[in-house]
file target01.cif (mmCIF, C-alpha atoms)
data_start
#
loop_
_atom_site.label_atom_id
_atom_site.label_comp_id
_atom_site.auth_asym_id
_atom_site.auth_seq_id
_atom_site.Cartn_x
_atom_site.Cartn_y
_atom_site.Cartn_z
CA MET A 1 0.00 0.00 0.00
CA VAL A 2 1.27 3.47 -0.94
CA GLU A 3 1.53 5.69 2.16
CA TYR A 4 2.75 8.86 0.36
CA GLY A 5 5.70 9.29 2.71
CA GLY A 6 3.73 11.20 5.34
CA LEU A 7 2.78 13.88 2.80
CA PHE A 8 -0.79 14.10 4.11
CA TYR A 9 0.07 14.32 7.80
CA SER A 10 0.59 18.09 7.71
CA ASP A 11 -1.23 20.68 9.83
CA GLN A 12 -3.26 21.60 6.76
CA THR A 13 -4.52 18.03 6.40
CA LYS A 14 -5.38 17.92 10.10
CA THR A 15 -7.38 21.13 9.76
CA LEU A 16 -9.21 19.83 6.67
CA ALA A 17 -10.05 16.62 8.53
CA ILE A 18 -11.30 18.26 11.74
CA ALA A 19 -12.91 21.55 10.68
CA PRO A 20 -15.87 20.10 8.69
CA LYS A 21 -17.09 17.97 11.61
CA VAL A 22 -18.85 20.81 13.45
CA PRO A 23 -20.83 22.16 10.47
CA ALA A 24 -21.59 18.54 9.52
CA VAL A 25 -23.22 17.98 12.91
CA LEU A 26 -25.19 21.22 12.57
CA SER A 27 -26.36 20.19 9.11
CA ILE A 28 -27.45 16.77 10.40
CA ILE A 29 -29.38 18.40 13.26
CA GLY A 30 -31.08 20.85 10.89
CA SER A 31 -32.09 18.18 8.38
CA SER A 32 -33.28 15.90 11.18
CA TYR A 33 -35.55 18.65 12.46
CA VAL A 34 -36.97 19.18 8.96
CA ILE A 35 -37.77 15.46 8.74
CA TYR A 36 -39.33 15.51 12.20
CA ASP A 37 -41.44 18.54 11.33
CA LEU A 38 -42.64 17.00 8.08
CA LEU A 39 -43.57 13.63 9.58
CA GLN A 40 -44.72 14.57 13.07
CA GLY A 41 -46.19 18.06 12.75
CA ARG A 42 -49.83 19.05 12.62
CA ARG A 43 -52.00 18.30 9.61
CA GLU A 44 -49.78 15.33 8.91
CA ASN A 45 -51.76 13.98 5.98
CA LEU A 46 -51.70 17.32 4.19
CA LYS A 47 -47.96 17.62 4.63
CA ARG A 48 -47.34 14.18 3.23
CA SER A 49 -49.45 14.92 0.16
CA CYS A 50 -47.64 18.17 -0.70
CA LEU A 51 -44.98 17.76 -3.40
CA THR A 52 -42.67 20.42 -2.00
CA ASN A 53 -42.56 18.59 1.30
CA TRP A 54 -41.90 15.26 -0.41
CA ILE A 55 -38.90 16.88 -2.10
CA LEU A 56 -37.76 18.44 1.18
CA LEU A 57 -38.06 15.06 2.88
CA CYS A 58 -35.90 13.34 0.26
CA MET A 59 -33.40 16.20 0.25
CA SER A 60 -33.09 16.17 4.06
CA ILE A 61 -32.51 12.41 4.18
CA CYS A 62 -29.82 12.72 1.53
CA ASP A 63 -28.22 15.65 3.36
CA ILE A 64 -27.94 13.66 6.60
CA VAL A 65 -26.10 10.81 4.88
CA TRP A 66 -23.91 13.19 2.85
CA SER A 67 -22.96 15.32 5.87
CA PHE A 68 -22.18 12.31 8.04
CA VAL A 69 -20.22 10.25 5.52
CA HIS A 70 -18.29 13.01 3.77
CA PHE A 71 -17.92 15.84 6.26
CA PHE A 72 -18.04 14.16 9.67
CA LEU A 73 -16.13 10.94 9.05
CA THR A 74 -13.57 12.65 6.75
CA THR A 75 -10.18 10.87 6.96
CA TRP A 76 -11.43 8.19 9.36
CA MET A 77 -12.63 6.25 6.31
CA VAL A 78 -9.34 6.60 4.41
CA PRO A 79 -7.13 3.47 4.31
CA VAL A 80 -4.68 3.35 7.22
CA GLY A 81 -1.40 5.13 6.62
CA GLN A 82 -2.48 7.37 3.74
CA ALA A 83 -3.44 10.50 5.68
CA TRP A 84 -3.71 11.98 9.16
CA GLY A 85 -6.49 10.28 11.11
CA SER A 86 -6.90 7.51 8.55
CA ALA A 87 -8.33 4.35 10.11
CA GLY A 88 -10.15 2.61 7.26
CA THR A 89 -9.67 0.17 4.42
CA ASN A 90 -10.29 0.15 0.68
CA PHE A 91 -13.85 -0.96 1.47
CA THR A 92 -14.59 1.95 3.84
CA CYS A 93 -12.96 4.34 1.39
CA THR A 94 -15.15 3.07 -1.44
CA LEU A 95 -18.23 3.27 0.80
CA GLN A 96 -17.49 6.87 1.77
CA ALA A 97 -16.97 8.01 -1.81
CA LEU A 98 -19.99 6.13 -3.16
CA LEU A 99 -22.48 7.16 -0.46
CA GLY A 100 -21.12 10.69 -0.12
CA GLY A 101 -21.07 11.27 -3.85
CA PHE A 102 -24.46 9.71 -4.53
CA PHE A 103 -26.37 11.42 -1.72
CA GLY A 104 -24.48 14.71 -2.14
CA ASN A 105 -25.39 14.90 -5.80
CA CYS A 106 -28.98 13.97 -4.96
CA VAL A 107 -29.13 17.00 -2.65
CA ILE A 108 -28.13 19.24 -5.57
CA CYS A 109 -30.67 17.58 -7.87
CA TYR A 110 -33.50 17.88 -5.33
CA ASN A 111 -32.63 21.55 -4.85
CA ALA A 112 -33.15 22.04 -8.58
CA ALA A 113 -36.40 20.03 -8.44
CA LEU A 114 -37.63 22.18 -5.55
CA ALA A 115 -36.80 25.37 -7.46
CA LEU A 116 -38.73 24.08 -10.48
CA CYS A 117 -41.66 23.18 -8.23
CA TYR A 118 -41.78 26.71 -6.81
CA VAL A 119 -41.68 28.21 -10.32
CA LEU A 120 -44.67 26.09 -11.34
CA MET A 121 -46.57 27.03 -8.15
CA VAL A 122 -45.78 30.73 -7.96
CA ARG A 123 -45.31 31.85 -11.54
CA TYR A 124 -47.65 29.48 -13.34
CA GLU A 125 -50.12 28.99 -10.46
CA TRP A 126 -50.10 25.21 -10.45
CA LYS A 127 -51.96 23.69 -7.52
CA ASP A 128 -50.71 21.00 -5.15
CA ARG A 129 -53.27 18.54 -6.45
CA GLU A 130 -51.87 19.06 -9.97
CA LEU A 131 -48.24 18.75 -8.95
CA ILE A 132 -48.67 15.69 -6.76
CA LYS A 133 -49.65 13.68 -9.85
CA TYR A 134 -46.09 14.13 -11.11
CA ARG A 135 -44.46 13.23 -7.79
CA TYR A 136 -42.34 10.41 -9.12
CA ARG A 137 -41.14 12.53 -12.04
CA PHE A 138 -39.61 14.86 -9.48
CA LEU A 139 -38.39 12.26 -6.97
CA LEU A 140 -36.97 9.43 -9.08
CA PRO A 141 -34.75 11.17 -11.70
CA PRO A 142 -32.09 12.27 -9.15
CA ILE A 143 -31.79 8.68 -7.91
CA ILE A 144 -31.65 7.13 -11.39
CA TYR A 145 -29.24 9.74 -12.75
CA ASN A 146 -26.78 9.42 -9.88
CA LEU A 147 -26.88 5.61 -9.86
CA ALA A 148 -26.07 5.67 -13.57
CA PHE A 149 -23.17 8.01 -12.90
CA PHE A 150 -21.57 6.40 -9.84
CA LEU A 151 -21.98 2.66 -10.51
CA PRO A 152 -19.43 2.64 -13.40
CA HIS A 153 -16.91 4.27 -11.06
CA LEU A 154 -17.59 1.56 -8.52
CA ALA A 155 -16.85 -1.09 -11.15
CA ASP A 156 -13.61 0.70 -12.11
CA ASN A 157 -12.42 1.00 -8.47
CA SER A 158 -12.28 4.77 -8.96
CA PHE A 159 -13.15 5.57 -5.32
CA ASN A 160 -9.89 6.34 -3.54
CA PHE A 161 -8.27 8.91 -1.26
CA GLN A 162 -8.11 12.18 -3.19
CA GLY A 163 -5.32 13.87 -1.26
CA SER A 164 -7.43 16.15 0.92
CA MET A 165 -9.83 15.07 3.66
CA GLN A 166 -11.85 12.17 2.27
CA CYS A 167 -12.21 9.47 -0.35
CA TRP A 168 -13.63 10.54 -3.66
CA ILE A 169 -13.22 9.86 -7.39
CA ALA A 170 -9.45 9.55 -7.80
CA THR A 171 -6.75 7.28 -9.08
CA TYR A 172 -4.64 5.16 -6.76
CA PRO A 173 -1.88 6.03 -6.23
CA LEU A 174 -2.52 9.74 -6.69
CA LEU A 175 -1.28 11.27 -9.94
CA CYS A 176 -0.51 7.85 -11.38
CA GLU A 177 -2.12 8.92 -14.66
CA THR A 178 0.49 11.64 -15.16
CA GLU A 179 3.68 11.11 -17.12
CA ASP A 180 6.05 11.15 -14.15
CA ALA A 181 3.68 9.18 -11.79
CA PRO A 182 5.47 10.26 -8.56
CA PHE A 183 3.87 7.56 -6.38
CA GLY A 184 3.97 4.69 -8.86
CA GLN A 185 1.82 3.17 -11.59
CA CYS A 186 -1.97 3.05 -11.39
CA GLU A 187 -3.54 0.20 -9.46
CA ARG A 188 -7.13 1.51 -9.21
CA GLY A 189 -9.31 3.93 -11.15
CA GLU A 190 -7.00 4.52 -14.09
CA HIS A 191 -9.75 4.32 -16.72
CA ILE A 192 -12.45 6.86 -15.82
CA ALA A 193 -11.43 8.65 -12.61
CA ALA A 194 -10.12 11.81 -14.31
CA SER A 195 -13.10 12.13 -16.66
CA GLY A 196 -15.46 11.45 -13.75
CA VAL A 197 -14.18 14.39 -11.71
CA THR A 198 -14.60 16.71 -14.71
CA LEU A 199 -18.12 15.44 -15.38
CA ILE A 200 -19.31 15.74 -11.81
CA ILE A 201 -18.05 19.34 -11.53
CA ASP A 202 -19.78 20.14 -14.82
CA THR A 203 -23.00 18.54 -13.59
CA ALA A 204 -22.92 20.43 -10.27
CA LEU A 205 -22.41 23.73 -12.11
CA LYS A 206 -25.30 23.01 -14.47
CA PHE A 207 -27.69 22.21 -11.64
CA THR A 208 -26.54 25.28 -9.70
CA VAL A 209 -27.17 27.50 -12.72
CA THR A 210 -30.56 25.81 -13.14
CA ILE A 211 -31.49 26.65 -9.56
CA ILE A 212 -30.43 30.29 -10.05
CA ILE A 213 -32.45 30.58 -13.25
CA PHE A 214 -35.58 29.07 -11.68
CA CYS A 215 -35.27 31.35 -8.63
CA SER A 216 -34.88 34.41 -10.84
CA MET A 217 -38.18 33.50 -12.51
CA LEU A 218 -40.15 33.74 -9.26
#

call {"tool": "encode", "arguments": {"input": "target01.cif", "output": "structure tokens"}}
result
Amino acid sequence: MVEYGGLFYSDQTKTLAIAPKVPAVLSIIGSSYVIYDLLQGRRENLKRSCLTNWILLCMSICDIVWSFVHFFLTTWMVPVGQAWGSAGTNFTCTLQALLGGFFGNCVICYNAALALCYVLMVRYEWKDRELIKYRYRFLLPPIIYNLAFFLPHLADNSFNFQGSMQCWIATYPLLCETEDAPFGQCERGEHIAASGVTLIIDTALKFTVTIIIFCSML
């Protein structure tokens, strides 16, 4: 196993590993309260039949998993010896990248779906009873899209420590796809890891722009 010669045991790595834990806990608490309010509040049946609240419910569940796996566990899931605080294995690293990436991207997608829902309700005066008929068209696409994106990376073993605070889409060893390959030749993720990072950034930007456009239409 490549241990990078203690490169990722610096004070910067320690800060990156520790700092996100507090906001992660706050995010988990906030999303948990949203779920509690949606499921346990008054007029429960009405809340469950409202499309916006269905989207909020899905988004909050995804946010809890994303915050915990990616921003609370951080380097604890990284294979032992690769970074400060690392205590995991290739399996835990793969699990962190897969769950964090899948649920994190779902949060972005559900944000866009919620923005579209508000545009239809506010600008075009759609009613809840009209929107609820299309519930699965709002709720299922984020799941299907992200499964289609992340499963090929799972098959390619593209989930590895990315040199910061967590496991993500990366080659192993790091930079093995470059000409000089400072840490040795590729053992995992050499086929689609680089293209996957580019695609996921592009996707996140597109959904963010979509949200901005929908909000500007309100």

call {"tool": "closest_residue", "arguments": {"input": "target01.cif", "among": "A:Phe150, A:Tyr36, A:Phe8, A:Trp76", "to": "Ile61 in chain A", "atoms": "all atoms listed in the file"}}
result
A:Tyr36

call {"tool": "closest_residue", "arguments": {"input": "target01.cif", "among": "A:Ile28, A:Val34, A:Ala148, A:Leu116", "to": "Ser216 in chain A", "atoms": "all atoms listed in the file"}}
result
A:Leu116

call {"tool": "residues_near_point", "arguments": {"input": "target01.cif", "point": "(-22.9, 13.5, 2.7)", "cutoff": "12 Å", "atoms": "only C-alpha atoms", "output": "PyMOL selection string"}}
result
chain A and resi 20-21+23-25+27-28+31+59-74+95-108+166-168

call {"tool": "residues_near_point", "arguments": {"input": "target01.cif", "point": "(-8.8, 1.4, 2.0)", "cutoff": "10 Å", "atoms": "all atoms listed in the file", "output": "short mmCIF file (atom, residue, chain, number, x, y, z; two decimals) with C-alpha atoms, in the frame of the given file"}}
result
data_model
loop_
_atom_site.label_atom_id
_atom_site.label_comp_id
_atom_site.auth_asym_id
_atom_site.auth_seq_id
_atom_site.Cartn_x
_atom_site.Cartn_y
_atom_site.Cartn_z
CA MET A 1 0.00 0.00 0.00
CA MET A 77 -12.63 6.25 6.31
CA VAL A 78 -9.34 6.60 4.41
CA PRO A 79 -7.13 3.47 4.31
CA VAL A 80 -4.68 3.35 7.22
CA GLY A 81 -1.40 5.13 6.62
CA GLN A 82 -2.48 7.37 3.74
CA SER A 86 -6.90 7.51 8.55
CA ALA A 87 -8.33 4.35 10.11
CA GLY A 88 -10.15 2.61 7.26
CA THR A 89 -9.67 0.17 4.42
CA ASN A 90 -10.29 0.15 0.68
CA PHE A 91 -13.85 -0.96 1.47
CA THR A 92 -14.59 1.95 3.84
CA CYS A 93 -12.96 4.34 1.39
CA THR A 94 -15.15 3.07 -1.44
CA LEU A 95 -18.23 3.27 0.80
CA PHE A 159 -13.15 5.57 -5.32
CA ASN A 160 -9.89 6.34 -3.54
CA PHE A 161 -8.27 8.91 -1.26
CA CYS A 167 -12.21 9.47 -0.35
#

call {"tool": "resolve_selection", "arguments": {"input": "target01.cif", "expression": "the PyMOL selection byres ((chain A and resi 130) around 12)", "output": "list of chain:residue names"}}
result
A:Ser49, A:Cys50, A:Leu51, A:Cys117, A:Leu120, A:Met121, A:Tyr124, A:Glu125, A:Trp126, A:Lys127, A:Asp128, A:Arg129, A:Leu131, A:Ile132, A:Lys133, A:Tyr134, A:Arg135

call {"tool": "resolve_selection", "arguments": {"input": "target01.cif", "expression": "the PyMOL selection byres ((chain A and resi 55) around 8)", "output": "PyMOL selection string"}}
result
chain A and resi 51-54+56-59+110+113-114+138-139

call {"tool": "atom_distance", "arguments": {"input": "target01.cif", "atom1": "CA of Arg123 in chain A", "atom2": "CA of Tyr136 in chain A"}}
result
21.8 Å

call {"tool": "closest_residue", "arguments": {"input": "target01.cif", "among": "A:Ile143, A:Thr13, A:Ile211, A:Tyr33", "to": "Gln162 in chain A", "atoms": "all atoms listed in the file"}}
result
A:Thr13

call {"tool": "axis_aligned_box", "arguments": {"input": "target01.cif", "around": "range 159-168 of chain A", "padding_each_side": "6 Å", "output": "AutoDock Vina command-line options"}}
result
--center_x -9.5 --center_y 10.9 --center_z -0.8 --size_x 20.3 --size_y 22.6 --size_z 21.0

call {"tool": "residues_around", "arguments": {"input": "target01.cif", "residues": "Gln12 in chain A", "least_positions_apart": "5", "cutoff": "10 Å", "atoms": "only C-alpha atoms", "output": "PyMOL selection string"}}
result
chain A and resi 17+84+164-165

call {"tool": "atom_distance", "arguments": {"input": "target01.cif", "atom1": "CA of Ala19 in chain A", "atom2": "CA of Thr75 in chain A"}}
result
11.6 Å

call {"tool": "resolve_selection", "arguments": {"input": "target01.cif", "expression": "the PyMOL selection byres ((chain A and resi 177) around 12)", "output": "list in words"}}
result
Ala170, Thr171, Tyr172, Pro173, Leu174, Leu175, Cys176, Thr178, Glu179, Asp180, Ala181, Pro182, Phe183, Gly184, Gln185, Cys186, Glu187, Arg188, Gly189, Glu190, His191, Ile192, Ala193, Ala194 and Ser195 of chain A

call {"tool": "atom_distance", "arguments": {"input": "target01.cif", "atom1": "CA of Gly163 in chain A", "atom2": "CA of Lys14 in chain A"}}
result
12.1 Å

call {"tool": "build_atoms", "arguments": {"input": "target01.cif", "residues": "range 167-178 of chain A", "atoms": "all heavy atoms", "output": "compact mmCIF listing (two decimals), in the frame of the given file"}}
result
# COMPACT_ATOMS: atom_id res chain seq x y z
N CYS A 167 -12.29 10.27 0.86
CA CYS A 167 -12.21 9.47 -0.35
C CYS A 167 -13.21 10.00 -1.37
O CYS A 167 -14.33 10.40 -1.01
CB CYS A 167 -12.52 8.00 -0.03
SG CYS A 167 -11.31 7.23 1.06
N TRP A 168 -12.79 9.99 -2.61
CA TRP A 168 -13.63 10.54 -3.66
C TRP A 168 -13.23 9.87 -4.97
O TRP A 168 -12.57 8.84 -4.96
CB TRP A 168 -13.46 12.06 -3.70
CG TRP A 168 -14.35 12.83 -4.63
CD1 TRP A 168 -13.98 13.79 -5.52
CD2 TRP A 168 -15.77 12.72 -4.75
NE1 TRP A 168 -15.08 14.27 -6.19
CE2 TRP A 168 -16.19 13.63 -5.73
CE3 TRP A 168 -16.73 11.92 -4.13
CZ2 TRP A 168 -17.51 13.77 -6.13
CZ3 TRP A 168 -18.06 12.05 -4.51
CH2 TRP A 168 -18.44 12.98 -5.50
N ILE A 169 -13.62 10.42 -6.10
CA ILE A 169 -13.22 9.86 -7.39
C ILE A 169 -11.77 10.26 -7.65
O ILE A 169 -11.47 11.43 -7.85
CB ILE A 169 -14.14 10.37 -8.51
CG1 ILE A 169 -15.59 9.96 -8.24
CG2 ILE A 169 -13.68 9.82 -9.86
CD1 ILE A 169 -16.58 10.54 -9.22
N ALA A 170 -10.88 9.28 -7.63
CA ALA A 170 -9.45 9.55 -7.80
C ALA A 170 -8.73 8.28 -8.18
O ALA A 170 -9.23 7.17 -7.94
CB ALA A 170 -8.85 10.12 -6.52
N THR A 171 -7.58 8.44 -8.78
CA THR A 171 -6.75 7.28 -9.08
C THR A 171 -5.97 6.87 -7.83
O THR A 171 -5.81 7.66 -6.89
CB THR A 171 -5.75 7.60 -10.20
OG1 THR A 171 -4.99 8.76 -9.83
CG2 THR A 171 -6.47 7.88 -11.51
N TYR A 172 -5.53 5.63 -7.83
CA TYR A 172 -4.64 5.16 -6.76
C TYR A 172 -3.47 4.44 -7.39
O TYR A 172 -3.66 3.51 -8.17
CB TYR A 172 -5.37 4.22 -5.81
CG TYR A 172 -4.44 3.63 -4.76
CD1 TYR A 172 -4.10 4.37 -3.63
CD2 TYR A 172 -3.88 2.38 -4.94
CE1 TYR A 172 -3.23 3.85 -2.68
CE2 TYR A 172 -3.01 1.85 -3.99
CZ TYR A 172 -2.68 2.60 -2.87
OH TYR A 172 -1.81 2.08 -1.95
N PRO A 173 -2.25 4.87 -7.07
CA PRO A 173 -1.88 6.03 -6.23
C PRO A 173 -2.25 7.35 -6.92
O PRO A 173 -2.52 7.37 -8.11
CB PRO A 173 -0.37 5.88 -6.09
CG PRO A 173 -0.03 4.50 -6.52
CD PRO A 173 -1.07 4.11 -7.51
N LEU A 174 -2.22 8.42 -6.15
CA LEU A 174 -2.52 9.74 -6.69
C LEU A 174 -1.54 10.09 -7.81
O LEU A 174 -0.35 9.74 -7.75
CB LEU A 174 -2.43 10.79 -5.58
CG LEU A 174 -3.56 10.79 -4.56
CD1 LEU A 174 -3.20 11.68 -3.37
CD2 LEU A 174 -4.86 11.25 -5.19
N LEU A 175 -2.07 10.77 -8.81
CA LEU A 175 -1.28 11.27 -9.94
C LEU A 175 -0.63 10.17 -10.76
O LEU A 175 0.29 10.43 -11.55
CB LEU A 175 -0.19 12.25 -9.44
CG LEU A 175 -0.66 13.44 -8.62
CD1 LEU A 175 0.53 14.27 -8.14
CD2 LEU A 175 -1.61 14.31 -9.43
N CYS A 176 -1.12 8.94 -10.62
CA CYS A 176 -0.51 7.85 -11.38
C CYS A 176 -0.79 7.96 -12.88
O CYS A 176 -0.11 7.33 -13.69
CB CYS A 176 -0.98 6.50 -10.85
SG CYS A 176 -2.76 6.18 -11.09
N GLU A 177 -1.79 8.77 -13.24
CA GLU A 177 -2.12 8.92 -14.66
C GLU A 177 -1.22 9.93 -15.35
O GLU A 177 -1.25 10.05 -16.58
CB GLU A 177 -3.59 9.33 -14.82
CG GLU A 177 -3.92 10.78 -14.47
CD GLU A 177 -4.08 11.02 -12.98
OE1 GLU A 177 -3.78 10.11 -12.19
OE2 GLU A 177 -4.53 12.13 -12.61
N THR A 178 -0.42 10.66 -14.58
CA THR A 178 0.49 11.64 -15.16
C THR A 178 1.75 10.95 -15.70
O THR A 178 2.04 9.80 -15.38
CB THR A 178 0.89 12.71 -14.13
OG1 THR A 178 1.58 12.06 -13.03
CG2 THR A 178 -0.35 13.41 -13.59
